[in-house]
Amino acid sequence: MDDNRIIDLYFTRDERAIEMTDAKYGKLLHHVAYTILHSEPDSEECVNDTYMKAWGAMPPERPNLLSAFLSKITRNLSINRYLQNKARGRMMTTERVFEEIAECVPDGAGPLSDDIALRDAINSFLESMTIVSRKIFVKRYFYMMTVKEISVDMRTSVSNVKVSLMRSREKFKAYLEKAGISI
């Protein structure tokens, strides 16, 4: 079923919307959650919570790209779950991704915000990248894939992925500093 028909099911409050969403995007959403949480039960719970959030958001929201809309919800729920687990002393490999992206924060920057200026700056930065560099950057910092997973997925060496990420982080930090963006 195409995305517009699935979204229409949400708008008509037809419960088949969740079934169709799970059939089409369940594996993607599970992958997003699992790469952050590294826990089957937590991942499944975040995916189920994604369906509930999507049900509550549509209507009034009508996403342009359903996969991205759902992935963002799953990612945010998974990060929140990760932080809860971390507070309980359950450390996970996702911490390394947070440390890497923290290197991009300009000196003296405040806490992370989710405002429009930052979103626009990130989108503009991503548009300025080569397709390969952008894919690697997004796989690492949005989907939180490991370097090895990215190298397999992109059919390149681990070394190439590491170099690409290092250069992208440096460019991202310079881009944010030039734009005067504080995260």
# chains A, B, ... in the order shown; residues from 1 in each chain; ligands from 1

call {"tool": "select_by_dssp", "arguments": {"residues": "chain A", "states": "helix (DSSP H, G or I)", "output": "mmCIF file with N, CA and C atoms, in the first residue's frame"}}
result
data_model
loop_
_atom_site.group_PDB
_atom_site.id
_atom_site.type_symbol
_atom_site.label_atom_id
_atom_site.label_comp_id
_atom_site.auth_asym_id
_atom_site.auth_seq_id
_atom_site.Cartn_x
_atom_site.Cartn_y
_atom_site.Cartn_z
ATOM 1 N N ASP A 3 2.105 5.214 0.605
ATOM 2 C CA ASP A 3 2.086 6.047 1.814
ATOM 3 C C ASP A 3 0.839 6.912 1.925
ATOM 4 N N ASN A 4 0.395 7.492 0.831
ATOM 5 C CA ASN A 4 -0.782 8.366 0.902
ATOM 6 C C ASN A 4 -2.026 7.596 1.354
ATOM 7 N N ARG A 5 -2.166 6.355 0.918
ATOM 8 C CA ARG A 5 -3.313 5.541 1.347
ATOM 9 C C ARG A 5 -3.192 5.193 2.828
ATOM 10 N N ILE A 6 -1.967 4.922 3.286
ATOM 11 C CA ILE A 6 -1.773 4.636 4.717
ATOM 12 C C ILE A 6 -2.117 5.868 5.541
ATOM 13 N N ILE A 7 -1.642 7.028 5.106
ATOM 14 C CA ILE A 7 -1.940 8.271 5.817
ATOM 15 C C ILE A 7 -3.444 8.538 5.827
ATOM 16 N N ASP A 8 -4.109 8.254 4.709
ATOM 17 C CA ASP A 8 -5.571 8.416 4.657
ATOM 18 C C ASP A 8 -6.264 7.532 5.695
ATOM 19 N N LEU A 9 -5.726 6.330 5.921
ATOM 20 C CA LEU A 9 -6.290 5.456 6.948
ATOM 21 C C LEU A 9 -6.173 6.090 8.333
ATOM 22 N N TYR A 10 -5.047 6.751 8.593
ATOM 23 C CA TYR A 10 -4.899 7.461 9.877
ATOM 24 C C TYR A 10 -5.941 8.571 9.982
ATOM 25 N N PHE A 11 -6.129 9.291 8.885
ATOM 26 C CA PHE A 11 -7.067 10.415 8.906
ATOM 27 C C PHE A 11 -8.514 9.958 9.095
ATOM 28 N N ARG A 16 -6.585 -0.205 10.625
ATOM 29 C CA ARG A 16 -5.706 -0.879 9.668
ATOM 30 C C ARG A 16 -4.476 -0.033 9.359
ATOM 31 N N ALA A 17 -4.514 1.251 9.685
ATOM 32 C CA ALA A 17 -3.369 2.139 9.438
ATOM 33 C C ALA A 17 -2.129 1.599 10.151
ATOM 34 N N ILE A 18 -2.306 1.153 11.375
ATOM 35 C CA ILE A 18 -1.171 0.639 12.146
ATOM 36 C C ILE A 18 -0.681 -0.680 11.554
ATOM 37 N N GLU A 19 -1.594 -1.541 11.151
ATOM 38 C CA GLU A 19 -1.202 -2.805 10.508
ATOM 39 C C GLU A 19 -0.407 -2.548 9.234
ATOM 40 N N MET A 20 -0.888 -1.636 8.418
ATOM 41 C CA MET A 20 -0.215 -1.328 7.150
ATOM 42 C C MET A 20 1.139 -0.665 7.399
ATOM 43 N N THR A 21 1.188 0.197 8.407
ATOM 44 C CA THR A 21 2.455 0.853 8.767
ATOM 45 C C THR A 21 3.463 -0.191 9.217
ATOM 46 N N ASP A 22 3.014 -1.111 10.051
ATOM 47 C CA ASP A 22 3.916 -2.153 10.537
ATOM 48 C C ASP A 22 4.385 -3.046 9.394
ATOM 49 N N ALA A 23 3.493 -3.396 8.499
ATOM 50 C CA ALA A 23 3.861 -4.256 7.374
ATOM 51 C C ALA A 23 4.894 -3.585 6.476
ATOM 52 N N LYS A 24 4.727 -2.294 6.270
ATOM 53 C CA LYS A 24 5.619 -1.590 5.339
ATOM 54 C C LYS A 24 6.893 -1.091 6.010
ATOM 55 N N TYR A 25 6.804 -0.597 7.246
ATOM 56 C CA TYR A 25 7.947 0.067 7.878
ATOM 57 C C TYR A 25 8.423 -0.572 9.183
ATOM 58 N N GLY A 26 7.816 -1.655 9.606
ATOM 59 C CA GLY A 26 8.178 -2.272 10.874
ATOM 60 C C GLY A 26 9.652 -2.628 10.978
ATOM 61 N N LYS A 27 10.218 -3.234 9.931
ATOM 62 C CA LYS A 27 11.632 -3.630 9.960
ATOM 63 C C LYS A 27 12.547 -2.411 10.024
ATOM 64 N N LEU A 28 12.236 -1.374 9.259
ATOM 65 C CA LEU A 28 13.033 -0.140 9.283
ATOM 66 C C LEU A 28 13.016 0.472 10.686
ATOM 67 N N LEU A 29 11.839 0.580 11.266
ATOM 68 C CA LEU A 29 11.718 1.212 12.577
ATOM 69 C C LEU A 29 12.410 0.381 13.654
ATOM 70 N N HIS A 30 12.306 -0.924 13.548
ATOM 71 C CA HIS A 30 13.007 -1.791 14.499
ATOM 72 C C HIS A 30 14.512 -1.589 14.376
ATOM 73 N N HIS A 31 15.004 -1.473 13.147
ATOM 74 C CA HIS A 31 16.437 -1.251 12.931
ATOM 75 C C HIS A 31 16.885 0.074 13.555
ATOM 76 N N VAL A 32 16.084 1.117 13.357
ATOM 77 C CA VAL A 32 16.411 2.425 13.940
ATOM 78 C C VAL A 32 16.500 2.304 15.463
ATOM 79 N N ALA A 33 15.524 1.680 16.069
ATOM 80 C CA ALA A 33 15.501 1.544 17.532
ATOM 81 C C ALA A 33 16.637 0.654 18.023
ATOM 82 N N TYR A 34 16.861 -0.457 17.346
ATOM 83 C CA TYR A 34 17.857 -1.411 17.826
ATOM 84 C C TYR A 34 19.281 -0.864 17.737
ATOM 85 N N THR A 35 19.568 -0.065 16.702
ATOM 86 C CA THR A 35 20.920 0.490 16.596
ATOM 87 C C THR A 35 21.210 1.466 17.729
ATOM 88 N N ILE A 36 20.198 2.031 18.313
ATOM 89 C CA ILE A 36 20.387 2.950 19.441
ATOM 90 C C ILE A 36 20.380 2.186 20.762
ATOM 91 N N LEU A 37 19.472 1.247 20.905
ATOM 92 C CA LEU A 37 19.241 0.605 22.195
ATOM 93 C C LEU A 37 19.969 -0.721 22.390
ATOM 94 N N GLU A 40 16.345 -5.997 22.243
ATOM 95 C CA GLU A 40 15.128 -6.402 21.538
ATOM 96 C C GLU A 40 13.863 -5.881 22.211
ATOM 97 N N PRO A 41 13.677 -6.131 23.525
ATOM 98 C CA PRO A 41 12.434 -5.683 24.165
ATOM 99 C C PRO A 41 12.256 -4.162 24.122
ATOM 100 N N ASP A 42 13.330 -3.429 24.391
ATOM 101 C CA ASP A 42 13.235 -1.970 24.351
ATOM 102 C C ASP A 42 12.934 -1.479 22.940
ATOM 103 N N SER A 43 13.540 -2.109 21.950
ATOM 104 C CA SER A 43 13.324 -1.720 20.552
ATOM 105 C C SER A 43 11.875 -1.959 20.143
ATOM 106 N N GLU A 44 11.355 -3.131 20.492
ATOM 107 C CA GLU A 44 9.964 -3.440 20.153
ATOM 108 C C GLU A 44 9.002 -2.465 20.823
ATOM 109 N N GLU A 45 9.298 -2.114 22.056
ATOM 110 C CA GLU A 45 8.434 -1.171 22.764
ATOM 111 C C GLU A 45 8.471 0.210 22.106
ATOM 112 N N CYS A 46 9.651 0.654 21.680
ATOM 113 C CA CYS A 46 9.759 1.954 21.010
ATOM 114 C C CYS A 46 9.022 1.955 19.674
ATOM 115 N N VAL A 47 9.075 0.844 18.947
ATOM 116 C CA VAL A 47 8.347 0.756 17.678
ATOM 117 C C VAL A 47 6.845 0.818 17.941
ATOM 118 N N ASN A 48 6.370 0.089 18.937
ATOM 119 C CA ASN A 48 4.942 0.143 19.281
ATOM 120 C C ASN A 48 4.540 1.546 19.723
ATOM 121 N N ASP A 49 5.395 2.200 20.493
ATOM 122 C CA ASP A 49 5.123 3.585 20.915
ATOM 123 C C ASP A 49 5.112 4.520 19.704
ATOM 124 N N THR A 50 5.918 4.213 18.700
ATOM 125 C CA THR A 50 5.922 5.017 17.465
ATOM 126 C C THR A 50 4.550 4.975 16.809
ATOM 127 N N TYR A 51 3.964 3.783 16.746
ATOM 128 C CA TYR A 51 2.640 3.665 16.126
ATOM 129 C C TYR A 51 1.597 4.478 16.899
ATOM 130 N N MET A 52 1.711 4.476 18.214
ATOM 131 C CA MET A 52 0.765 5.255 19.014
ATOM 132 C C MET A 52 0.964 6.758 18.805
ATOM 133 N N LYS A 53 2.227 7.188 18.736
ATOM 134 C CA LYS A 53 2.503 8.620 18.496
ATOM 135 C C LYS A 53 2.022 9.020 17.106
ATOM 136 N N ALA A 54 2.237 8.161 16.119
ATOM 137 C CA ALA A 54 1.775 8.451 14.760
ATOM 138 C C ALA A 54 0.254 8.563 14.743
ATOM 139 N N TRP A 55 -0.421 7.667 15.467
ATOM 140 C CA TRP A 55 -1.881 7.694 15.557
ATOM 141 C C TRP A 55 -2.359 9.021 16.158
ATOM 142 N N GLY A 56 -1.639 9.500 17.155
ATOM 143 C CA GLY A 56 -2.011 10.768 17.795
ATOM 144 C C GLY A 56 -1.657 11.996 16.972
ATOM 145 N N ALA A 57 -0.656 11.872 16.104
ATOM 146 C CA ALA A 57 -0.197 13.030 15.324
ATOM 147 C C ALA A 57 -0.964 13.218 14.013
ATOM 148 N N LEU A 66 6.436 9.590 4.813
ATOM 149 C CA LEU A 66 6.012 8.803 5.972
ATOM 150 C C LEU A 66 7.178 8.069 6.622
ATOM 151 N N SER A 67 8.086 7.518 5.839
ATOM 152 C CA SER A 67 9.214 6.780 6.412
ATOM 153 C C SER A 67 10.079 7.679 7.283
ATOM 154 N N ALA A 68 10.340 8.893 6.834
ATOM 155 C CA ALA A 68 11.152 9.834 7.619
ATOM 156 C C ALA A 68 10.396 10.280 8.873
ATOM 157 N N PHE A 69 9.114 10.525 8.742
ATOM 158 C CA PHE A 69 8.271 10.927 9.873
ATOM 159 C C PHE A 69 8.298 9.858 10.963
ATOM 160 N N LEU A 70 8.094 8.615 10.569
ATOM 161 C CA LEU A 70 8.084 7.512 11.530
ATOM 162 C C LEU A 70 9.473 7.256 12.104
ATOM 163 N N SER A 71 10.506 7.337 11.262
ATOM 164 C CA SER A 71 11.880 7.122 11.730
ATOM 165 C C SER A 71 12.276 8.154 12.769
ATOM 166 N N LYS A 72 11.858 9.384 12.563
ATOM 167 C CA LYS A 72 12.191 10.439 13.526
ATOM 168 C C LYS A 72 11.511 10.178 14.867
ATOM 169 N N ILE A 73 10.259 9.759 14.820
ATOM 170 C CA ILE A 73 9.560 9.441 16.073
ATOM 171 C C ILE A 73 10.277 8.303 16.789
ATOM 172 N N THR A 74 10.604 7.246 16.036
ATOM 173 C CA THR A 74 11.280 6.090 16.629
ATOM 174 C C THR A 74 12.626 6.484 17.205
ATOM 175 N N ARG A 75 13.361 7.281 16.456
ATOM 176 C CA ARG A 75 14.678 7.721 16.918
ATOM 177 C C ARG A 75 14.563 8.501 18.217
ATOM 178 N N ASN A 76 13.646 9.448 18.277
ATOM 179 C CA ASN A 76 13.480 10.261 19.483
ATOM 180 C C ASN A 76 13.044 9.405 20.678
ATOM 181 N N LEU A 77 12.114 8.499 20.459
ATOM 182 C CA LEU A 77 11.691 7.609 21.539
ATOM 183 C C LEU A 77 12.849 6.723 22.007
ATOM 184 N N SER A 78 13.645 6.245 21.056
ATOM 185 C CA SER A 78 14.772 5.372 21.395
ATOM 186 C C SER A 78 15.854 6.122 22.163
ATOM 187 N N ILE A 79 16.112 7.354 21.765
ATOM 188 C CA ILE A 79 17.101 8.158 22.497
ATOM 189 C C ILE A 79 16.616 8.415 23.922
ATOM 190 N N ASN A 80 15.335 8.729 24.058
ATOM 191 C CA ASN A 80 14.785 8.929 25.403
ATOM 192 C C ASN A 80 14.908 7.662 26.238
ATOM 193 N N ARG A 81 14.620 6.517 25.638
ATOM 194 C CA ARG A 81 14.747 5.243 26.352
ATOM 195 C C ARG A 81 16.211 4.985 26.706
ATOM 196 N N TYR A 82 17.111 5.299 25.764
ATOM 197 C CA TYR A 82 18.540 5.130 26.018
ATOM 198 C C TYR A 82 18.973 5.960 27.228
ATOM 199 N N LEU A 83 18.525 7.215 27.277
ATOM 200 C CA LEU A 83 18.890 8.093 28.389
ATOM 201 C C LEU A 83 18.316 7.572 29.707
ATOM 202 N N GLN A 84 17.101 7.024 29.669
ATOM 203 C CA GLN A 84 16.530 6.413 30.877
ATOM 204 C C GLN A 84 17.375 5.223 31.314
ATOM 205 N N ASN A 85 17.751 4.387 30.353
ATOM 206 C CA ASN A 85 18.574 3.216 30.679
ATOM 207 C C ASN A 85 19.933 3.641 31.222
ATOM 208 N N LYS A 86 20.489 4.683 30.632
ATOM 209 C CA LYS A 86 21.795 5.174 31.084
ATOM 210 C C LYS A 86 21.693 5.688 32.518
ATOM 211 N N ALA A 87 20.604 6.382 32.824
ATOM 212 C CA ALA A 87 20.410 6.898 34.174
ATOM 213 C C ALA A 87 20.308 5.756 35.181
ATOM 214 N N THR A 94 25.855 3.435 22.116
ATOM 215 C CA THR A 94 25.343 4.690 21.561
ATOM 216 C C THR A 94 26.067 5.889 22.158
ATOM 217 N N GLU A 95 26.611 5.730 23.348
ATOM 218 C CA GLU A 95 27.341 6.814 24.008
ATOM 219 C C GLU A 95 28.446 7.354 23.106
ATOM 220 N N ARG A 96 29.118 6.490 22.365
ATOM 221 C CA ARG A 96 30.207 6.916 21.481
ATOM 222 C C ARG A 96 29.690 7.856 20.395
ATOM 223 N N VAL A 97 28.515 7.594 19.866
ATOM 224 C CA VAL A 97 27.947 8.468 18.839
ATOM 225 C C VAL A 97 27.694 9.855 19.424
ATOM 226 N N PHE A 98 27.173 9.906 20.634
ATOM 227 C CA PHE A 98 26.939 11.197 21.290
ATOM 228 C C PHE A 98 28.249 11.949 21.505
ATOM 229 N N GLU A 99 29.284 11.225 21.897
ATOM 230 C CA GLU A 99 30.590 11.851 22.106
ATOM 231 C C GLU A 99 31.135 12.422 20.799
ATOM 232 N N GLU A 100 31.005 11.671 19.707
ATOM 233 C CA GLU A 100 31.504 12.134 18.409
ATOM 234 C C GLU A 100 30.811 13.416 17.967
ATOM 235 N N ILE A 101 29.494 13.432 18.051
ATOM 236 C CA ILE A 101 28.762 14.603 17.561
ATOM 237 C C ILE A 101 28.967 15.792 18.496
ATOM 238 N N ALA A 102 29.261 15.528 19.771
ATOM 239 C CA ALA A 102 29.541 16.614 20.718
ATOM 240 C C ALA A 102 30.796 17.376 20.317
ATOM 241 N N ILE A 116 14.060 25.816 14.784
ATOM 242 C CA ILE A 116 14.013 25.860 13.331
ATOM 243 C C ILE A 116 15.353 26.279 12.736
ATOM 244 N N ALA A 117 16.063 27.210 13.344
ATOM 245 C CA ALA A 117 17.351 27.665 12.821
ATOM 246 C C ALA A 117 18.364 26.526 12.778
ATOM 247 N N LEU A 118 18.384 25.733 13.822
ATOM 248 C CA LEU A 118 19.300 24.592 13.861
ATOM 249 C C LEU A 118 18.915 23.565 12.805
ATOM 250 N N ARG A 119 17.636 23.262 12.713
ATOM 251 C CA ARG A 119 17.172 22.294 11.701
ATOM 252 C C ARG A 119 17.543 22.759 10.305
ATOM 253 N N ASP A 120 17.320 24.031 10.018
ATOM 254 C CA ASP A 120 17.655 24.572 8.705
ATOM 255 C C ASP A 120 19.157 24.528 8.450
ATOM 256 N N ALA A 121 19.960 24.809 9.473
ATOM 257 C CA ALA A 121 21.414 24.764 9.320
ATOM 258 C C ALA A 121 21.879 23.341 9.035
ATOM 259 N N ILE A 122 21.315 22.379 9.740
ATOM 260 C CA ILE A 122 21.687 20.973 9.509
ATOM 261 C C ILE A 122 21.289 20.554 8.104
ATOM 262 N N ASN A 123 20.071 20.892 7.700
ATOM 263 C CA ASN A 123 19.627 20.535 6.345
ATOM 264 C C ASN A 123 20.499 21.185 5.280
ATOM 265 N N SER A 124 20.852 22.432 5.487
ATOM 266 C CA SER A 124 21.717 23.141 4.541
ATOM 267 C C SER A 124 23.098 22.497 4.483
ATOM 268 N N PHE A 125 23.634 22.125 5.644
ATOM 269 C CA PHE A 125 24.928 21.454 5.680
ATOM 270 C C PHE A 125 24.862 20.127 4.928
ATOM 271 N N LEU A 126 23.815 19.352 5.175
ATOM 272 C CA LEU A 126 23.674 18.061 4.499
ATOM 273 C C LEU A 126 23.576 18.230 2.986
ATOM 274 N N GLU A 127 22.885 19.266 2.546
ATOM 275 C CA GLU A 127 22.763 19.522 1.104
ATOM 276 C C GLU A 127 24.101 19.887 0.483
ATOM 277 N N SER A 128 25.008 20.444 1.281
ATOM 278 C CA SER A 128 26.313 20.857 0.753
ATOM 279 C C SER A 128 27.285 19.686 0.605
ATOM 280 N N ILE A 131 26.965 13.047 -2.001
ATOM 281 C CA ILE A 131 25.950 12.046 -1.684
ATOM 282 C C ILE A 131 26.509 10.967 -0.761
ATOM 283 N N VAL A 132 27.703 10.484 -1.044
ATOM 284 C CA VAL A 132 28.298 9.419 -0.235
ATOM 285 C C VAL A 132 28.570 9.911 1.178
ATOM 286 N N SER A 133 29.171 11.089 1.308
ATOM 287 C CA SER A 133 29.460 11.637 2.643
ATOM 288 C C SER A 133 28.179 11.866 3.438
ATOM 289 N N ARG A 134 27.147 12.353 2.758
ATOM 290 C CA ARG A 134 25.867 12.605 3.419
ATOM 291 C C ARG A 134 25.254 11.302 3.916
ATOM 292 N N LYS A 135 25.289 10.266 3.086
ATOM 293 C CA LYS A 135 24.730 8.976 3.502
ATOM 294 C C LYS A 135 25.465 8.436 4.720
ATOM 295 N N ILE A 136 26.780 8.510 4.701
ATOM 296 C CA ILE A 136 27.566 8.022 5.840
ATOM 297 C C ILE A 136 27.241 8.827 7.091
ATOM 298 N N PHE A 137 27.181 10.144 6.977
ATOM 299 C CA PHE A 137 26.895 11.035 8.103
ATOM 300 C C PHE A 137 25.519 10.721 8.705
ATOM 301 N N VAL A 138 24.521 10.582 7.849
ATOM 302 C CA VAL A 138 23.158 10.326 8.321
ATOM 303 C C VAL A 138 23.054 8.929 8.944
ATOM 304 N N LYS A 139 23.688 7.955 8.329
ATOM 305 C CA LYS A 139 23.657 6.593 8.887
ATOM 306 C C LYS A 139 24.273 6.571 10.292
ATOM 307 N N ARG A 140 25.326 7.350 10.481
ATOM 308 C CA ARG A 140 25.999 7.357 11.783
ATOM 309 C C ARG A 140 25.250 8.196 12.815
ATOM 310 N N TYR A 141 24.879 9.417 12.453
ATOM 311 C CA TYR A 141 24.370 10.352 13.453
ATOM 312 C C TYR A 141 22.853 10.458 13.520
ATOM 313 N N VAL A 147 30.281 1.980 12.762
ATOM 314 C CA VAL A 147 31.161 2.202 11.620
ATOM 315 C C VAL A 147 31.221 0.947 10.759
ATOM 316 N N LYS A 148 31.285 -0.196 11.393
ATOM 317 C CA LYS A 148 31.341 -1.458 10.639
ATOM 318 C C LYS A 148 30.053 -1.677 9.848
ATOM 319 N N GLU A 149 28.900 -1.428 10.458
ATOM 320 C CA GLU A 149 27.625 -1.576 9.747
ATOM 321 C C GLU A 149 27.569 -0.652 8.531
ATOM 322 N N ILE A 150 28.051 0.560 8.706
ATOM 323 C CA ILE A 150 28.058 1.518 7.592
ATOM 324 C C ILE A 150 28.984 1.023 6.481
ATOM 325 N N SER A 151 30.158 0.523 6.851
ATOM 326 C CA SER A 151 31.105 0.066 5.836
ATOM 327 C C SER A 151 30.520 -1.091 5.036
ATOM 328 N N VAL A 152 29.838 -1.995 5.698
ATOM 329 C CA VAL A 152 29.202 -3.112 4.994
ATOM 330 C C VAL A 152 28.080 -2.593 4.102
ATOM 331 N N ASP A 153 27.239 -1.727 4.655
ATOM 332 C CA ASP A 153 26.104 -1.186 3.917
ATOM 333 C C ASP A 153 26.540 -0.367 2.704
ATOM 334 N N MET A 154 27.627 0.384 2.855
ATOM 335 C CA MET A 154 28.104 1.263 1.777
ATOM 336 C C MET A 154 29.147 0.570 0.888
ATOM 337 N N VAL A 158 36.204 0.138 6.524
ATOM 338 C CA VAL A 158 35.991 0.793 7.814
ATOM 339 C C VAL A 158 36.814 2.076 7.868
ATOM 340 N N SER A 159 38.038 2.013 7.347
ATOM 341 C CA SER A 159 38.926 3.176 7.336
ATOM 342 C C SER A 159 38.315 4.338 6.547
ATOM 343 N N ASN A 160 37.735 4.042 5.396
ATOM 344 C CA ASN A 160 37.104 5.098 4.591
ATOM 345 C C ASN A 160 35.935 5.743 5.332
ATOM 346 N N VAL A 161 35.162 4.926 6.030
ATOM 347 C CA VAL A 161 34.031 5.457 6.790
ATOM 348 C C VAL A 161 34.536 6.363 7.914
ATOM 349 N N LYS A 162 35.557 5.923 8.639
ATOM 350 C CA LYS A 162 36.106 6.725 9.737
ATOM 351 C C LYS A 162 36.645 8.062 9.232
ATOM 352 N N VAL A 163 37.369 8.032 8.111
ATOM 353 C CA VAL A 163 37.924 9.273 7.558
ATOM 354 C C VAL A 163 36.795 10.204 7.110
ATOM 355 N N SER A 164 35.800 9.640 6.450
ATOM 356 C CA SER A 164 34.661 10.449 6.003
ATOM 357 C C SER A 164 33.955 11.103 7.188
ATOM 358 N N LEU A 165 33.732 10.333 8.249
ATOM 359 C CA LEU A 165 33.064 10.879 9.424
ATOM 360 C C LEU A 165 33.899 11.957 10.097
ATOM 361 N N MET A 166 35.202 11.738 10.202
ATOM 362 C CA MET A 166 36.077 12.731 10.823
ATOM 363 C C MET A 166 36.028 14.044 10.031
ATOM 364 N N ARG A 167 36.159 13.948 8.719
ATOM 365 C CA ARG A 167 36.122 15.157 7.884
ATOM 366 C C ARG A 167 34.764 15.846 7.947
ATOM 367 N N SER A 168 33.714 15.058 7.952
ATOM 368 C CA SER A 168 32.367 15.634 8.027
ATOM 369 C C SER A 168 32.139 16.344 9.354
ATOM 370 N N ARG A 169 32.618 15.756 10.448
ATOM 371 C CA ARG A 169 32.473 16.423 11.754
ATOM 372 C C ARG A 169 33.216 17.749 11.776
ATOM 373 N N GLU A 170 34.430 17.756 11.224
ATOM 374 C CA GLU A 170 35.206 18.999 11.171
ATOM 375 C C GLU A 170 34.477 20.058 10.351
ATOM 376 N N LYS A 171 33.957 19.662 9.197
ATOM 377 C CA LYS A 171 33.221 20.604 8.339
ATOM 378 C C LYS A 171 31.937 21.073 9.021
ATOM 379 N N PHE A 172 31.264 20.157 9.728
ATOM 380 C CA PHE A 172 30.026 20.507 10.411
ATOM 381 C C PHE A 172 30.280 21.524 11.518
ATOM 382 N N LYS A 173 31.338 21.320 12.273
ATOM 383 C CA LYS A 173 31.680 22.265 13.340
ATOM 384 C C LYS A 173 31.985 23.636 12.744
ATOM 385 N N ALA A 174 32.791 23.667 11.676
ATOM 386 C CA ALA A 174 33.117 24.941 11.024
ATOM 387 C C ALA A 174 31.860 25.600 10.466
ATOM 388 N N TYR A 175 30.970 24.787 9.910
ATOM 389 C CA TYR A 175 29.725 25.309 9.341
ATOM 390 C C TYR A 175 28.861 25.952 10.426
ATOM 391 N N LEU A 176 28.723 25.270 11.573
ATOM 392 C CA LEU A 176 27.935 25.820 12.674
ATOM 393 C C LEU A 176 28.570 27.096 13.231
ATOM 394 N N GLU A 177 29.890 27.111 13.362
ATOM 395 C CA GLU A 177 30.574 28.306 13.861
ATOM 396 C C GLU A 177 30.369 29.477 12.915
ATOM 397 N N LYS A 178 30.519 29.223 11.612
ATOM 398 C CA LYS A 178 30.345 30.289 10.614
ATOM 399 C C LYS A 178 28.907 30.819 10.616
ATOM 400 N N ALA A 179 27.942 29.904 10.827
ATOM 401 C CA ALA A 179 26.537 30.305 10.846
ATOM 402 C C ALA A 179 26.132 30.943 12.186
#

call {"tool": "atom_distance", "arguments": {"atom1": "atom CA of A:Asp14", "atom2": "atom CA of A:Pro59"}}
result
12.0 Å

call {"tool": "atom_distance", "arguments": {"atom1": "atom CA of A:Tyr143", "atom2": "atom CA of A:Pro63"}}
result
19.3 Å

call {"tool": "atom_distance", "arguments": {"atom1": "atom CA of A:Pro60", "atom2": "atom CA of A:Phe142"}}
result
25.5 Å
